[in-house]
Amino acid sequence: MPVKARIAGALLACAVLSACNGGGGGGSASSGGGAPTAGGPAPTGLQQCQAVSTLPTTTTVPASPTNAPTNGTVQSALILVPSGRHSLGVYLRNPWTGAVVDRGYVPTGQGASGIAVSAGRFVYVANKTDGTISAYVWDSTTDALASLGSAIASGPGTASLAVVGPTLYALNSGNDTISAFAIGSNGTLALSGTTAPLTASLTSLVAGSGILYGLAADGITSFGTGSGAPSALTTTALSGVIAGAADSQGNLFVLTSGQVVALHAAAGGTLSQQDSVPLPSGFTASALSVGANQLNVVGQGSGDMELVTFPIQSGGVACPTSAVLGSSGQASGALVSPGGHTVYITDATRDELVAYTATTAGSGPTLLGSVRTRPTPHGLAGLVATVSVAPQMLYVVDQGTNQILGYGVGANGALTGLTTTGNGGNGPSAGAISPDGATFYASDWSNGGPGGVMSLPIHSDGTLGAAAGPYAAGNSPMGLSADPSGRYLYVANSNYDNATGSNGPGSITGFSLSSPPALTELSGSPTATSGLYPMLLTVDPTGHYLYVAQYASNTVGGFSISPDTGALTAPTTAATGNNPWTVITGPAGRHLYVSNNGYGAQVSIYRIDAANGTLVPATTPTLTLANGKKPLGLAIGPKGRRLYVATQEATDGTSNGVVEVFTRNDPLASGVGWDPIPVALNSATPFTDAYGLAIGHNGKALYVVDNVSCTPVSSTDCTPNDGNIQALAIPSFSQARNAAAYTSLGVTTTGSQPVQAIPGGGLG
């Protein structure tokens, strides 16, 4: 059934049921947004649906920050997603772009499912498989979620958590009990009591205002709270209960298989019903979240995920608006961000966290971004976190001078000048920054012989400290990539023989980052690659898989990463075009992009199978560069809608390189690929050998590494041994196909042979 028809059916059901309930004391809804007229009480039950035409058509949402700071601190929504693969994903809302920023993950117990937050900074995860609770604290000094120690035992099948006052309550579904834990001033837990087995088998807990609610399939039990185990107060019958959420005014909202019910808690825990509004017909609900003025329910309709938004007025629920989210999958959780700007949804079948604007205005919610989570996300929670904003920097790996060059970045993305340099070893070929933003790593090429990795601390002002190392790797190390949990670093050893120009079997060396800046090689490392001359590599956002371009074999090799040891095992090899060079994942982690630098001038695109990491050609399997340009560097926008490709001269050597931009309108829609016709960019100073690409953390600038290691077509084409970084302003997406909109922000001269640019600072 079309969406409009389903909504119309729901509204008709509201009106019919309201009429059946009678006048409720003679009051009627006025044209002023549902307020009662004089002469009767406020309408109750289903009567608000009679006035749906007079209710506001948009939901008021707090304004998003317009000018995020460039240093100091900023408040951001911190989104936490437990997954069944013993981990808790950590995500931030980027205050400049609104996109989701993946900040890695922390290990939990087995079968992470429920989650709760206390005091705006302590985070607790229920581990259903091993019956424990993991505890963490958001540390604003390090911008990280830190463990509070070993998991604490709760009971068999710990499935749901709720915080009421100074107590954490845990539902143990294995024996139908509730354990109570006193929360210490530092967030640690101490068991204070456990109930006897309950008469009802509860499915989840909901924290109310001084009351704990236990939800069962056929009703709600109210529990008194305090010290020790909770005591049952009253039970309210309600069939088909799926989920619940409470607001700070003492209202409880319950999602059932057919409706949303609003209840109010009176003294003694007794619940009185205020409203019940039917769900749209054909819609199967799975989760809900309550905000200041809206209730969001997610589920499936006609094969797609849908978001149904109910306006809230004085604790009552009005008839909904609905929007198809264009993504087949199974919604497992919903959350209105603490600031009220965003609705976050977890998809358990696609293993994703997706963000939409929290509004019903115009055509409905707008996609802000998505990231792939670790497998089987089970709900989500959020808090307002204070996050450090380090000075934005652009670090450039300069192979000719053996240095790491650090440039300041202005508010508009323009480079403000060289502010720091560091020792990159003997011919550094690539760099990477640790997930916490505290360390820069550079691969030490060492003229084609045995090489290593240099480790340089990044100070709070963005300057680089004294380098440690090199830490031994294999022959001719190239690409670097860090695991998003911040525990492991990997380097591709190309095994290129500089003297003979030959390629031997390559390998990947893995290091532990447990004692920065020192590196410790992982047990069992290095791991052989499946192809010759491994070049650049990347770890996907979930930390599950590593992919490496195998230049001399025309393949990309894939490895699965052990979350416990960091060890690599090879699950896949996929054919590419000629001479693959750069590999990157999209911001959602669903796709892998590979630039093929040889004849054919193509970018290969693959879909990453979340279950095993294998690569399958995407809807648009290849993108072909204009005029035979040879692609090298790749970068993709924070929402996955623009792919930037740096190109060298044409294969016939008759023209210089450019940057080509491919676009797509909806990165989540099934079957919608990239526009095959790119837009070619150039600046006031034409590119000679566009080599590497980077996008600033604030999303305002594209940085193009011009290697300028060329054979001049004429004496004015390039200056030997002089490279540069060119900055281009990134326009709005509506101007994405207008090359003139990418205005120059300046050209900055570097040393000879710059090969890679890595943004630093910002949110890290």
# chains A, B, ... in the order shown; residues from 1 in each chain; ligands from 1
>>> residues_around(residues="Asn412 in chain A", least_positions_apart="4", cutoff="9 Å", atoms="only C-alpha atoms", output="ChimeraX atom specification")
/A:698,700-701,729,745
>>> write_last_selection(atoms="C-alpha atoms", output="mmCIF file, in the first residue's frame")
data_model
loop_
_atom_site.group_PDB
_atom_site.id
_atom_site.type_symbol
_atom_site.label_atom_id
_atom_site.label_comp_id
_atom_site.auth_asym_id
_atom_site.auth_seq_id
_atom_site.Cartn_x
_atom_site.Cartn_y
_atom_site.Cartn_z
ATOM 1 C CA ASN A 698 35.026 20.501 8.636
ATOM 2 C CA LYS A 700 34.774 22.789 3.630
ATOM 3 C CA ALA A 701 37.888 22.088 1.574
ATOM 4 C CA ALA A 729 36.360 25.172 -1.584
ATOM 5 C CA LEU A 745 41.548 28.643 -1.647
#
>>> closest_atom_pairs(of="range 614-641 of chain A", to="range 356-378 of chain A", cutoff="10 Å", atoms="only C-alpha atoms", output="tab-separated table")
residue	atom	partner	partner_atom	distance
A:Pro638	CA	A:Gly369	CA	7.2
A:Lys639	CA	A:Gly369	CA	4.9
A:Gly640	CA	A:Gly369	CA	7.7
A:Arg641	CA	A:Gly369	CA	9.7
>>> write_last_selection(atoms="C-alpha atoms", output="PDB file, in the first residue's frame")
ATOM      1  CA  PRO A 638      31.056  12.705   4.480  1.00  0.00           C
ATOM      2  CA  LYS A 639      27.583  11.762   3.196  1.00  0.00           C
ATOM      3  CA  GLY A 640      28.828   9.488   0.421  1.00  0.00           C
ATOM      4  CA  ARG A 641      27.364  11.621  -2.371  1.00  0.00           C
TER       5      ARG A 641
END
>>> closest_residue(among="A:Tyr136, A:Ser173, A:Ser322, A:Gly316", to="Gln300 in chain A", atoms="only C-alpha atoms")
A:Ser322
>>> closest_residue(among="A:Gln249, A:Asn186, A:Ser481, A:Ser154", to="Asp139 in chain A", atoms="only C-alpha atoms")
A:Asn186
>>> residues_around(residues="Tyr395 in chain A", least_positions_apart="6", cutoff="6 Å", atoms="only C-alpha atoms", output="ChimeraX atom specification")
/A:405-406,757-758
>>> closest_residue(among="A:Val164, A:Ile677, A:Ile605, A:Leu456", to="Ala119 in chain A", atoms="only C-alpha atoms")
A:Val164
>>> atom_distance(atom1="CA of Ala355 in chain A", atom2="CA of Asn296 in chain A")
12.9 Å
>>> select_by_dssp(residues="range 132-379 of chain A", states="strand (DSSP E or B)", output="number ranges by chain")
A: 132-139, 144-147, 152-153, 158-164, 167-172, 177-183, 189-194, 204-207, 211-216, 219-224, 231-237, 241-246, 251-256, 259-265, 271-278, 283-290, 294-301, 304-313, 316-317, 321-324, 331-336, 342-347, 352-357, 367-372, 377
>>> write_last_selection(atoms="C-alpha atoms", output="CSV table (one decimal), in the first residue's frame")
chain,number,residue,atom,x,y,z
A,132,THR,CA,27.4,-9.4,32.9
A,133,ILE,CA,27.5,-5.6,32.8
A,134,SER,CA,30.3,-3.6,31.3
A,135,ALA,CA,30.9,0.0,32.6
A,136,TYR,CA,32.5,3.0,30.9
A,137,VAL,CA,33.0,6.7,31.4
A,138,TRP,CA,33.2,9.4,28.8
A,139,ASP,CA,36.6,11.1,29.4
A,144,ALA,CA,37.3,8.6,24.6
A,145,LEU,CA,35.1,6.1,26.2
A,146,ALA,CA,37.2,4.5,29.0
A,147,SER,CA,36.5,1.2,30.7
A,152,ILE,CA,30.4,-7.2,36.8
A,153,ALA,CA,28.1,-10.3,37.1
A,158,THR,CA,21.2,-9.9,31.3
A,159,ALA,CA,19.1,-8.2,28.6
A,160,SER,CA,18.0,-4.7,29.5
A,161,LEU,CA,19.2,-1.9,31.7
A,162,ALA,CA,17.6,1.3,33.2
A,163,VAL,CA,19.0,4.0,35.5
A,164,VAL,CA,16.6,5.6,38.1
A,167,THR,CA,20.7,3.0,40.9
A,168,LEU,CA,21.2,0.9,37.8
A,169,TYR,CA,18.6,-1.9,37.3
A,170,ALA,CA,19.4,-5.0,35.2
A,171,LEU,CA,16.8,-7.4,33.9
A,172,ASN,CA,18.0,-11.0,33.9
A,177,THR,CA,14.9,-11.4,38.1
A,178,ILE,CA,15.9,-7.7,38.4
A,179,SER,CA,19.3,-6.9,40.0
A,180,ALA,CA,19.9,-3.4,41.5
A,181,PHE,CA,23.4,-1.8,41.5
A,182,ALA,CA,24.4,1.3,43.4
A,183,ILE,CA,26.2,3.7,41.1
A,189,LEU,CA,28.8,-0.5,40.4
A,190,ALA,CA,28.0,-2.4,43.6
A,191,LEU,CA,25.2,-5.0,43.8
A,192,SER,CA,22.6,-3.8,46.3
A,193,GLY,CA,19.9,-6.5,45.8
A,194,THR,CA,18.1,-8.9,43.5
A,204,SER,CA,12.7,-4.9,28.9
A,205,LEU,CA,13.1,-2.1,31.5
A,206,VAL,CA,12.2,1.6,31.1
A,207,ALA,CA,13.4,4.3,33.5
A,211,ILE,CA,9.7,4.8,38.9
A,212,LEU,CA,11.0,1.7,37.1
A,213,TYR,CA,8.7,0.2,34.5
A,214,GLY,CA,9.0,-3.5,33.5
A,215,LEU,CA,7.5,-4.3,30.1
A,216,ALA,CA,5.9,-7.6,29.3
A,219,GLY,CA,1.3,-5.5,30.3
A,220,ILE,CA,3.4,-3.0,32.3
A,221,THR,CA,4.6,-3.5,35.9
A,222,SER,CA,5.5,-0.4,37.9
A,223,PHE,CA,8.3,-0.8,40.5
A,224,GLY,CA,9.2,1.4,43.5
A,231,SER,CA,9.4,-3.7,44.7
A,232,ALA,CA,6.4,-4.2,42.4
A,233,LEU,CA,3.7,-1.6,42.9
A,234,THR,CA,1.0,-2.0,40.2
A,235,THR,CA,0.4,-3.8,37.0
A,236,THR,CA,-1.4,-2.3,34.0
A,237,ALA,CA,-2.8,-4.7,31.3
A,241,VAL,CA,3.7,-4.5,24.0
A,242,ILE,CA,6.9,-4.1,22.0
A,243,ALA,CA,8.9,-1.2,23.6
A,244,GLY,CA,8.5,1.9,25.8
A,245,ALA,CA,10.1,5.2,26.6
A,246,ALA,CA,9.5,7.8,29.3
A,251,ASN,CA,4.8,10.3,31.0
A,252,LEU,CA,5.3,6.8,29.7
A,253,PHE,CA,4.9,6.1,26.0
A,254,VAL,CA,4.4,2.4,25.0
A,255,LEU,CA,4.6,1.0,21.5
A,256,THR,CA,2.4,-2.0,20.8
A,259,GLN,CA,-0.8,1.6,18.4
A,260,VAL,CA,1.2,4.0,20.5
A,261,VAL,CA,-0.2,4.5,24.0
A,262,ALA,CA,0.5,7.5,26.2
A,263,LEU,CA,0.2,7.0,30.0
A,264,HIS,CA,0.8,9.2,33.0
A,265,ALA,CA,2.2,7.9,36.3
A,271,LEU,CA,-0.7,4.4,35.2
A,272,SER,CA,-3.6,6.3,33.6
A,273,GLN,CA,-4.1,6.3,29.9
A,274,GLN,CA,-4.0,9.7,28.1
A,275,ASP,CA,-3.9,8.8,24.4
A,276,SER,CA,-3.7,5.8,22.1
A,277,VAL,CA,-3.1,6.4,18.4
A,278,PRO,CA,-3.2,3.7,15.8
A,283,PHE,CA,3.4,-0.8,9.1
A,284,THR,CA,5.2,-3.3,11.5
A,285,ALA,CA,6.8,-1.3,14.3
A,286,SER,CA,10.0,-2.4,16.1
A,287,ALA,CA,11.4,0.5,18.2
A,288,LEU,CA,10.6,4.0,19.5
A,289,SER,CA,12.3,7.0,21.0
A,290,VAL,CA,10.8,10.1,22.7
A,294,GLN,CA,7.9,14.2,19.2
A,295,LEU,CA,7.7,10.5,19.4
A,296,ASN,CA,9.5,8.5,16.7
A,297,VAL,CA,8.7,5.0,15.8
A,298,VAL,CA,10.6,2.9,13.3
A,299,GLY,CA,9.8,-0.3,11.6
A,300,GLN,CA,9.0,-1.8,8.2
A,301,GLY,CA,6.3,-1.0,5.6
A,304,ASP,CA,11.3,-0.6,3.4
A,305,MET,CA,12.3,1.0,6.7
A,306,GLU,CA,9.9,3.7,7.7
A,307,LEU,CA,10.0,6.5,10.3
A,308,VAL,CA,6.6,7.5,11.8
A,309,THR,CA,6.6,10.7,13.8
A,310,PHE,CA,3.9,11.5,16.4
A,311,PRO,CA,3.7,15.1,17.7
A,312,ILE,CA,3.5,15.3,21.5
A,313,GLN,CA,1.3,17.8,23.1
A,316,GLY,CA,-0.6,13.3,24.7
A,317,VAL,CA,0.1,11.9,21.2
A,321,THR,CA,3.3,11.7,9.7
A,322,SER,CA,5.3,9.0,8.0
A,323,ALA,CA,8.3,8.8,5.7
A,324,VAL,CA,9.8,5.9,3.8
A,331,ALA,CA,15.2,-1.3,12.4
A,332,SER,CA,16.5,-2.5,15.8
A,333,GLY,CA,16.6,0.9,17.6
A,334,ALA,CA,15.7,4.5,17.4
A,335,LEU,CA,17.0,7.6,19.3
A,336,VAL,CA,16.2,11.3,19.2
A,342,THR,CA,18.6,14.2,14.7
A,343,VAL,CA,16.9,10.8,14.7
A,344,TYR,CA,19.3,7.9,14.7
A,345,ILE,CA,18.2,4.5,13.6
A,346,THR,CA,20.1,1.2,13.8
A,347,ASP,CA,19.5,-1.4,11.1
A,352,GLU,CA,24.2,0.3,9.9
A,353,LEU,CA,23.6,3.5,11.9
A,354,VAL,CA,21.7,6.0,9.9
A,355,ALA,CA,21.0,9.6,10.8
A,356,TYR,CA,18.0,11.8,9.6
A,357,THR,CA,16.9,15.3,10.5
A,367,LEU,CA,19.4,11.9,5.3
A,368,LEU,CA,22.4,13.2,7.2
A,369,GLY,CA,24.7,10.3,6.9
A,370,SER,CA,25.2,6.6,7.7
A,371,VAL,CA,28.0,4.4,8.9
A,372,ARG,CA,28.3,0.6,9.0
A,377,PRO,CA,23.4,-3.7,16.4
>>> atom_distance(atom1="CA of Asp102 in chain A", atom2="CA of Pro484 in chain A")
8.0 Å
>>> residues_around(residues="Thr620 in chain A", least_positions_apart="2", cutoff="9 Å", atoms="only C-alpha atoms", output="ChimeraX atom specification")
/A:604-606,617-618,622-623,671-676
>>> select_by_dssp(residues="range 394-552 of chain A", states="helix (DSSP H, G or I)", output="PyMOL selection string")
chain A and resi 446-448+551-552
>>> residues_around(residues="Ser113 in chain A", least_positions_apart="5", cutoff="7 Å", atoms="only C-alpha atoms", output="ChimeraX atom specification")
/A:82-84,125-128,159,378
>>> residues_around(residues="Asp444 in chain A", least_positions_apart="3", cutoff="8 Å", atoms="only C-alpha atoms", output="list of chain:residue names")
A:Gly424, A:Gly425, A:Asn426, A:Gly427, A:Pro428, A:Ser429, A:Gly451, A:Gly452, A:Val453, A:Met454, A:Pro470, A:Ser476, A:Pro477, A:Met478
>>> closest_residue(among="A:Leu202, A:Ile508, A:Leu702, A:Ala390", to="Val491 in chain A", atoms="only C-alpha atoms")
A:Ile508
